[in-house]
file work.pdb (PDB, C-alpha atoms, pLDDT in the B column)
ATOM      1  CA  MET A   1     183.297 127.302 129.003  1.00 52.00           C
ATOM      2  CA  GLN A   2     180.293 127.610 131.225  1.00 53.00           C
ATOM      3  CA  GLY A   3     179.854 125.911 134.523  1.00 57.00           C
ATOM      4  CA  LYS A   4     177.119 123.539 135.554  1.00 59.00           C
ATOM      5  CA  GLY A   5     174.861 126.441 136.567  1.00 59.00           C
ATOM      6  CA  GLY A   6     175.018 127.887 133.047  1.00 62.00           C
ATOM      7  CA  ASP A   7     174.153 124.520 131.456  1.00 69.00           C
ATOM      8  CA  ALA A   8     171.153 124.164 133.724  1.00 65.00           C
ATOM      9  CA  LEU A   9     170.054 127.691 132.860  1.00 64.00           C
ATOM     10  CA  ASN A  10     170.378 126.966 129.146  1.00 71.00           C
ATOM     11  CA  LYS A  11     168.377 123.729 129.524  1.00 72.00           C
ATOM     12  CA  LYS A  12     165.637 125.582 131.424  1.00 72.00           C
ATOM     13  CA  ALA A  13     165.514 128.277 128.751  1.00 67.00           C
ATOM     14  CA  LEU A  14     165.402 125.609 126.040  1.00 69.00           C
ATOM     15  CA  VAL A  15     162.605 123.692 127.791  1.00 69.00           C
ATOM     16  CA  THR A  16     160.656 126.927 128.410  1.00 71.00           C
ATOM     17  CA  ALA A  17     161.001 127.939 124.759  1.00 65.00           C
ATOM     18  CA  LEU A  18     159.914 124.455 123.666  1.00 64.00           C
ATOM     19  CA  ILE A  19     156.849 124.561 125.944  1.00 70.00           C
ATOM     20  CA  ILE A  20     155.902 128.017 124.614  1.00 69.00           C
ATOM     21  CA  LEU A  21     156.180 126.748 121.040  1.00 63.00           C
ATOM     22  CA  ILE A  22     154.070 123.680 121.768  1.00 67.00           C
ATOM     23  CA  VAL A  23     151.388 125.628 123.655  1.00 61.00           C
ATOM     24  CA  SER A  24     151.233 128.379 121.023  1.00 64.00           C
ATOM     25  CA  GLY A  25     151.097 125.735 118.307  1.00 62.00           C
ATOM     26  CA  ILE A  26     148.177 124.008 120.034  1.00 55.00           C
ATOM     27  CA  GLY A  27     146.524 127.406 120.488  1.00 55.00           C
ATOM     28  CA  ALA A  28     147.047 128.135 116.811  1.00 51.00           C
ATOM     29  CA  VAL A  29     145.412 124.817 115.921  1.00 50.00           C
ATOM     30  CA  PHE A  30     142.401 125.718 118.080  1.00 50.00           C
ATOM     31  CA  VAL A  31     142.193 129.184 116.543  1.00 50.00           C
ATOM     32  CA  THR A  32     142.498 127.953 112.974  1.00 51.00           C
ATOM     33  CA  THR A  33     140.013 125.145 113.395  1.00 55.00           C
ATOM     34  CA  GLY A  34     137.560 127.666 114.840  1.00 57.00           C
ATOM     35  CA  VAL A  35     137.988 129.877 111.773  1.00 58.00           C
ATOM     36  CA  ILE A  36     137.471 127.170 109.175  1.00 65.00           C
ATOM     37  CA  ALA A  37     133.758 126.919 108.503  1.00 66.00           C
ATOM     38  CA  THR A  38     131.800 125.014 105.966  1.00 74.00           C
ATOM     39  CA  THR A  39     130.600 127.319 103.218  1.00 78.00           C
ATOM     40  CA  PRO A  40     126.992 127.022 102.122  1.00 83.00           C
ATOM     41  CA  ALA A  41     126.191 125.919  98.610  1.00 87.00           C
ATOM     42  CA  ARG A  42     126.824 128.704  96.126  1.00 87.00           C
ATOM     43  CA  PRO A  43     123.489 130.156  94.944  1.00 86.00           C
ATOM     44  CA  GLN A  44     122.708 130.077  91.245  1.00 88.00           C
ATOM     45  CA  VAL A  45     122.756 133.523  89.622  1.00 90.00           C
ATOM     46  CA  TYR A  46     120.679 133.905  86.454  1.00 92.00           C
ATOM     47  CA  GLY A  47     121.479 135.964  83.377  1.00 91.00           C
ATOM     48  CA  LYS A  48     119.521 139.065  82.419  1.00 91.00           C
ATOM     49  CA  TYR A  49     119.174 137.886  78.820  1.00 92.00           C
ATOM     50  CA  ASN A  50     116.783 134.951  79.417  1.00 92.00           C
ATOM     51  CA  PHE A  51     113.322 136.370  80.073  1.00 93.00           C
ATOM     52  CA  VAL A  52     109.727 136.320  78.886  1.00 93.00           C
ATOM     53  CA  VAL A  53     106.980 138.926  79.318  1.00 95.00           C
ATOM     54  CA  GLU A  54     103.344 137.865  79.624  1.00 94.00           C
ATOM     55  CA  ILE A  55     100.590 140.478  79.255  1.00 94.00           C
ATOM     56  CA  ASP A  56      96.910 139.546  79.736  1.00 92.00           C
ATOM     57  CA  GLY A  57      95.410 138.885  76.315  1.00 77.00           C
ATOM     58  CA  ILE A  58      98.404 140.140  74.288  1.00 84.00           C
ATOM     59  CA  VAL A  59     100.698 137.867  72.330  1.00 69.00           C
ATOM     60  CA  GLN A  60     104.036 139.540  71.650  1.00 75.00           C
ATOM     61  CA  ALA A  61     106.845 137.412  70.255  1.00 66.00           C
ATOM     62  CA  GLY A  62     109.534 138.884  72.489  1.00 87.00           C
ATOM     63  CA  PHE A  63     111.137 141.968  73.921  1.00 94.00           C
ATOM     64  CA  ARG A  64     114.630 143.308  73.516  1.00 95.00           C
ATOM     65  CA  GLU A  65     114.716 145.145  76.847  1.00 96.00           C
ATOM     66  CA  VAL A  66     112.663 145.364  80.021  1.00 97.00           C
ATOM     67  CA  GLU A  67     113.319 147.849  82.804  1.00 97.00           C
ATOM     68  CA  GLY A  68     111.444 149.462  85.645  1.00 97.00           C
ATOM     69  CA  LEU A  69     110.739 146.543  87.955  1.00 97.00           C
ATOM     70  CA  ASN A  70     110.916 148.525  91.182  1.00 97.00           C
ATOM     71  CA  ALA A  71     109.056 149.473  94.327  1.00 97.00           C
ATOM     72  CA  THR A  72     109.808 152.550  96.424  1.00 97.00           C
ATOM     73  CA  VAL A  73     108.265 153.760  99.653  1.00 97.00           C
ATOM     74  CA  GLU A  74     108.443 157.515 100.137  1.00 97.00           C
ATOM     75  CA  VAL A  75     109.756 158.688 103.497  1.00 96.00           C
ATOM     76  CA  TRP A  76     108.271 161.628 105.364  1.00 94.00           C
ATOM     77  CA  GLU A  77     109.760 163.417 108.333  1.00 93.00           C
ATOM     78  CA  TYR A  78     107.946 164.268 111.555  1.00 91.00           C
ATOM     79  CA  ARG A  79     109.053 166.070 114.675  1.00 87.00           C
ATOM     80  CA  GLU A  80     107.277 167.812 117.544  1.00 86.00           C
ATOM     81  CA  GLY A  81     108.812 170.730 119.407  1.00 84.00           C
ATOM     82  CA  THR A  82     109.043 168.759 122.660  1.00 86.00           C
ATOM     83  CA  GLU A  83     111.111 165.974 121.102  1.00 81.00           C
ATOM     84  CA  GLN A  84     114.850 165.700 120.836  1.00 82.00           C
ATOM     85  CA  THR A  85     116.492 167.248 117.791  1.00 82.00           C
ATOM     86  CA  THR A  86     116.302 163.975 115.863  1.00 87.00           C
ATOM     87  CA  VAL A  87     113.596 163.807 113.218  1.00 90.00           C
ATOM     88  CA  ARG A  88     111.404 160.707 113.028  1.00 90.00           C
ATOM     89  CA  LEU A  89     111.305 159.025 109.626  1.00 93.00           C
ATOM     90  CA  GLU A  90     107.983 157.437 108.710  1.00 94.00           C
ATOM     91  CA  PRO A  91     106.933 155.350 105.689  1.00 96.00           C
ATOM     92  CA  GLY A  92     104.711 157.137 103.195  1.00 96.00           C
ATOM     93  CA  VAL A  93     103.132 156.227  99.887  1.00 96.00           C
ATOM     94  CA  ALA A  94     104.409 153.220  97.903  1.00 96.00           C
ATOM     95  CA  ARG A  95     105.208 153.821  94.237  1.00 97.00           C
ATOM     96  CA  TYR A  96     106.007 151.370  91.452  1.00 97.00           C
ATOM     97  CA  GLY A  97     107.700 151.505  88.060  1.00 95.00           C
ATOM     98  CA  PRO A  98     107.117 152.578  85.417  1.00 98.00           C
ATOM     99  CA  LEU A  99     107.851 149.503  83.343  1.00 98.00           C
ATOM    100  CA  VAL A 100     109.588 150.134  80.019  1.00 98.00           C
ATOM    101  CA  LEU A 101     109.355 147.563  77.210  1.00 97.00           C
ATOM    102  CA  ARG A 102     111.439 147.792  74.024  1.00 97.00           C
ATOM    103  CA  TRP A 103     111.170 145.528  70.983  1.00 96.00           C
ATOM    104  CA  GLY A 104     111.943 145.434  67.295  1.00 95.00           C
ATOM    105  CA  VAL A 105     109.192 146.739  65.028  1.00 95.00           C
ATOM    106  CA  THR A 106     107.041 143.933  63.599  1.00 93.00           C
ATOM    107  CA  GLU A 107     103.621 143.732  61.956  1.00 93.00           C
ATOM    108  CA  ASN A 108     102.050 142.909  65.357  1.00 92.00           C
ATOM    109  CA  ALA A 109     100.088 145.988  66.527  1.00 93.00           C
ATOM    110  CA  GLU A 110      98.577 144.639  69.770  1.00 93.00           C
ATOM    111  CA  LEU A 111     100.662 146.875  72.055  1.00 95.00           C
ATOM    112  CA  TRP A 112      99.919 149.926  69.909  1.00 96.00           C
ATOM    113  CA  ASN A 113      96.197 149.039  70.017  1.00 96.00           C
ATOM    114  CA  TRP A 114      96.381 148.891  73.833  1.00 96.00           C
ATOM    115  CA  MET A 115      98.028 152.331  73.880  1.00 97.00           C
ATOM    116  CA  GLU A 116      95.448 153.680  71.447  1.00 98.00           C
ATOM    117  CA  LYS A 117      92.646 152.756  73.879  1.00 97.00           C
ATOM    118  CA  THR A 118      94.394 154.854  76.538  1.00 97.00           C
ATOM    119  CA  LEU A 119      94.672 157.772  74.079  1.00 98.00           C
ATOM    120  CA  GLN A 120      90.911 157.508  73.488  1.00 98.00           C
ATOM    121  CA  GLY A 121      90.222 157.664  77.239  1.00 97.00           C
ATOM    122  CA  ASN A 122      89.453 153.971  77.638  1.00 97.00           C
ATOM    123  CA  ILE A 123      92.012 152.833  80.210  1.00 97.00           C
ATOM    124  CA  GLU A 124      92.332 149.051  79.989  1.00 97.00           C
ATOM    125  CA  ARG A 125      94.233 147.680  82.989  1.00 97.00           C
ATOM    126  CA  LYS A 126      96.092 144.402  82.603  1.00 97.00           C
ATOM    127  CA  ASN A 127      98.269 142.157  84.706  1.00 97.00           C
ATOM    128  CA  ILE A 128     101.824 141.585  83.502  1.00 96.00           C
ATOM    129  CA  SER A 129     104.432 139.000  84.449  1.00 95.00           C
ATOM    130  CA  VAL A 130     108.145 139.329  83.745  1.00 95.00           C
ATOM    131  CA  ILE A 131     109.691 135.879  84.030  1.00 94.00           C
ATOM    132  CA  ILE A 132     113.389 135.108  84.459  1.00 94.00           C
ATOM    133  CA  LEU A 133     114.441 131.784  82.895  1.00 93.00           C
ATOM    134  CA  ASN A 134     117.387 129.471  83.552  1.00 93.00           C
ATOM    135  CA  GLN A 135     119.683 128.058  80.833  1.00 93.00           C
ATOM    136  CA  LYS A 136     117.128 125.339  80.059  1.00 93.00           C
ATOM    137  CA  ARG A 137     114.520 128.120  79.535  1.00 92.00           C
ATOM    138  CA  GLU A 138     112.614 127.025  82.665  1.00 93.00           C
ATOM    139  CA  GLU A 139     110.949 129.603  84.898  1.00 94.00           C
ATOM    140  CA  VAL A 140     112.939 130.464  88.039  1.00 96.00           C
ATOM    141  CA  VAL A 141     111.620 133.890  89.127  1.00 96.00           C
ATOM    142  CA  ARG A 142     108.378 135.697  88.272  1.00 95.00           C
ATOM    143  CA  TYR A 143     107.629 139.387  88.862  1.00 97.00           C
ATOM    144  CA  ASN A 144     103.875 140.071  88.781  1.00 97.00           C
ATOM    145  CA  LEU A 145     102.641 143.607  88.057  1.00 97.00           C
ATOM    146  CA  ARG A 146      99.037 144.524  88.851  1.00 97.00           C
ATOM    147  CA  ASP A 147      96.657 147.032  87.271  1.00 97.00           C
ATOM    148  CA  ALA A 148      99.033 148.039  84.487  1.00 98.00           C
ATOM    149  CA  TRP A 149      98.174 150.467  81.681  1.00 98.00           C
ATOM    150  CA  PRO A 150     100.235 152.149  78.944  1.00 98.00           C
ATOM    151  CA  SER A 151     101.115 155.820  79.311  1.00 98.00           C
ATOM    152  CA  SER A 152     103.597 156.394  76.469  1.00 98.00           C
ATOM    153  CA  PHE A 153     104.475 154.883  73.099  1.00 98.00           C
ATOM    154  CA  THR A 154     107.632 155.827  71.169  1.00 98.00           C
ATOM    155  CA  VAL A 155     109.309 154.743  67.955  1.00 97.00           C
ATOM    156  CA  ASP A 156     113.082 155.094  68.241  1.00 95.00           C
ATOM    157  CA  LYS A 157     115.017 157.432  65.959  1.00 94.00           C
ATOM    158  CA  LEU A 158     115.108 156.170  62.384  1.00 95.00           C
ATOM    159  CA  ASP A 159     118.491 156.651  60.690  1.00 94.00           C
ATOM    160  CA  SER A 160     119.318 155.799  57.060  1.00 94.00           C
ATOM    161  CA  LEU A 161     122.987 155.266  58.023  1.00 94.00           C
ATOM    162  CA  ASP A 162     122.246 152.828  60.847  1.00 92.00           C
ATOM    163  CA  SER A 163     121.863 149.122  60.134  1.00 92.00           C
ATOM    164  CA  GLY A 164     120.253 148.208  63.492  1.00 92.00           C
ATOM    165  CA  PRO A 165     116.600 147.308  64.032  1.00 94.00           C
ATOM    166  CA  ALA A 166     113.816 149.870  64.309  1.00 95.00           C
ATOM    167  CA  ILE A 167     112.719 149.865  67.968  1.00 97.00           C
ATOM    168  CA  GLU A 168     109.339 150.572  69.563  1.00 97.00           C
ATOM    169  CA  GLU A 169     108.994 151.463  73.240  1.00 97.00           C
ATOM    170  CA  LEU A 170     106.006 151.281  75.544  1.00 97.00           C
ATOM    171  CA  ILE A 171     105.989 152.825  79.025  1.00 98.00           C
ATOM    172  CA  ILE A 172     103.546 151.169  81.387  1.00 98.00           C
ATOM    173  CA  GLN A 173     102.310 152.382  84.781  1.00 98.00           C
ATOM    174  CA  TYR A 174     101.405 149.773  87.381  1.00 98.00           C
ATOM    175  CA  GLU A 175     100.050 149.740  90.930  1.00 97.00           C
ATOM    176  CA  GLY A 176     101.501 146.634  92.536  1.00 97.00           C
ATOM    177  CA  LEU A 177     104.487 144.310  92.326  1.00 97.00           C
ATOM    178  CA  ASP A 178     105.253 140.936  93.848  1.00 97.00           C
ATOM    179  CA  ARG A 179     107.979 138.342  93.318  1.00 97.00           C
ATOM    180  CA  THR A 180     107.656 134.577  93.343  1.00 96.00           C
ATOM    181  CA  SER A 181     110.308 131.932  92.826  1.00 92.00           C
ATOM    182  CA  SER A 182     110.019 128.415  91.493  1.00 82.00           C
ATOM    183  CA  LEU A 183     111.721 127.358  94.754  1.00 75.00           C
ATOM    184  CA  ASP A 184     108.981 128.927  96.946  1.00 71.00           C
TER     185      ASP A 184
END

call {"tool": "encode", "arguments": {"input": "work.pdb", "output": "structure tokens"}}
result
Amino acid sequence: MQGKGGDALNKKALVTALIILIVSGIGAVFVTTGVIATTPARPQVYGKYNFVVEIDGIVQAGFREVEGLNATVEVWEYREGTEQTTVRLEPGVARYGPLVLRWGVTENAELWNWMEKTLQGNIERKNISVIILNQKREEVVRYNLRDAWPSSFTVDKLDSLDSGPAIEELIIQYEGLDRTSSLD
């Protein structure tokens, strides 16, 4: 059995432990409430299967695939002998594409006719828009390509054992790209 001094010591230890628990609990509440933040509205992400391609003066029913929507700036290095050993990186020439369009063979020859003009030395530049659509088939994003012209036309491999569609491909060079959104 402990004396009165031991009981007092136990009470002090119990009170101290209780105060530590309360203070740490309050601290934990402050820490957790500081961590909880409201999350912004989740942005809508659109599928890569809902798109339309518009080409000046050409009516094409649709395309199976589109690729080559890109812009790249070349980087060149520069350093003088009096500088530190780190090389400076500077922006160079901007390059775009090429755009690649693929579609099932139809009777429509407008894209071939455009390519044929290039083959004859008559470059006909056109503006092209690739438009991403939402589920309701409404425009949400538009990529505009400037001064585009065809540089290659290919008919995919034909195979008597394959039941898929015959595919044509047109590679198009372009000199500018911009992006607009229906929310802009």

call {"tool": "residues_around", "arguments": {"input": "work.pdb", "residues": "A:Glu65", "least_positions_apart": "2", "cutoff": "6 Å", "atoms": "only C-alpha atoms", "output": "CSV table (one decimal) with C-alpha atoms, in the coordinates of the input"}}
result
chain,number,residue,atom,x,y,z
A,63,PHE,CA,111.1,142.0,73.9
A,101,LEU,CA,109.4,147.6,77.2
A,102,ARG,CA,111.4,147.8,74.0

call {"tool": "resolve_selection", "arguments": {"input": "work.pdb", "expression": "the PyMOL selection byres ((chain A and resi 53) around 6)", "output": "PDB file with C-alpha atoms, keeping the file's coordinate frame"}}
result
ATOM      1  CA  VAL A  52     109.727 136.320  78.886  1.00 93.00           C
ATOM      2  CA  GLU A  54     103.344 137.865  79.624  1.00 94.00           C
ATOM      3  CA  SER A 129     104.432 139.000  84.449  1.00 95.00           C
ATOM      4  CA  VAL A 130     108.145 139.329  83.745  1.00 95.00           C
TER       5      VAL A 130
END

call {"tool": "closest_residue", "arguments": {"input": "work.pdb", "among": "A:Asn108, A:Thr16, A:Asn50, A:Thr82", "to": "A:Val140", "atoms": "only C-alpha atoms"}}
result
A:Asn50

call {"tool": "residues_around", "arguments": {"input": "work.pdb", "residues": "A:Leu99", "least_positions_apart": "5", "cutoff": "12 Å", "atoms": "only C-alpha atoms", "output": "list in words"}}
result
Val53, Glu65, Val66, Glu67, Gly68, Leu69, Asn70, Ala71, Ile128, Ser129, Val130, Tyr143, Asn144, Leu145, Arg146, Ala148, Trp149, Pro150, Ser151, Ser152, Glu169, Leu170, Ile171, Ile172, Gln173, Tyr174, Glu175, Gly176 and Leu177 of chain A

call {"tool": "resolve_selection", "arguments": {"input": "work.pdb", "expression": "the PyMOL selection byres ((chain A and resi 94) around 8)", "output": "number ranges by chain"}}
result
A: 71-74, 92-93, 95-96

call {"tool": "resolve_selection", "arguments": {"input": "work.pdb", "expression": "the PyMOL selection byres ((chain A and resi 165) around 8)", "output": "PyMOL selection string"}}
result
chain A and resi 104-105+163-164+166-167

call {"tool": "closest_residue", "arguments": {"input": "work.pdb", "among": "A:Asp162, A:Glu77, A:Glu139, A:Asp147", "to": "A:Phe51", "atoms": "all atoms listed in the file"}}
result
A:Glu139

call {"tool": "atom_distance", "arguments": {"input": "work.pdb", "atom1": "atom CA of A:Ser181", "atom2": "atom CA of A:Val141"}}
result
4.4 Å

call {"tool": "closest_residue", "arguments": {"input": "work.pdb", "among": "A:Met115, A:Val75, A:Leu158, A:Ile123", "to": "A:Arg88", "atoms": "all atoms listed in the file"}}
result
A:Val75

call {"tool": "atom_distance", "arguments": {"input": "work.pdb", "atom1": "atom CA of A:Ile132", "atom2": "atom CA of A:Tyr46"}}
result
7.7 Å

call {"tool": "atom_distance", "arguments": {"input": "work.pdb", "atom1": "atom CA of A:Thr106", "atom2": "atom CA of A:Gly121"}}
result
25.6 Å

call {"tool": "closest_residue", "arguments": {"input": "work.pdb", "among": "A:Tyr78, A:Glu116, A:Arg64, A:Thr86", "to": "A:Lys48", "atoms": "all atoms listed in the file"}}
result
A:Arg64

call {"tool": "closest_residue", "arguments": {"input": "work.pdb", "among": "A:Trp76, A:Asp156, A:Trp103, A:Thr39", "to": "A:Glu90", "atoms": "all atoms listed in the file"}}
result
A:Trp76
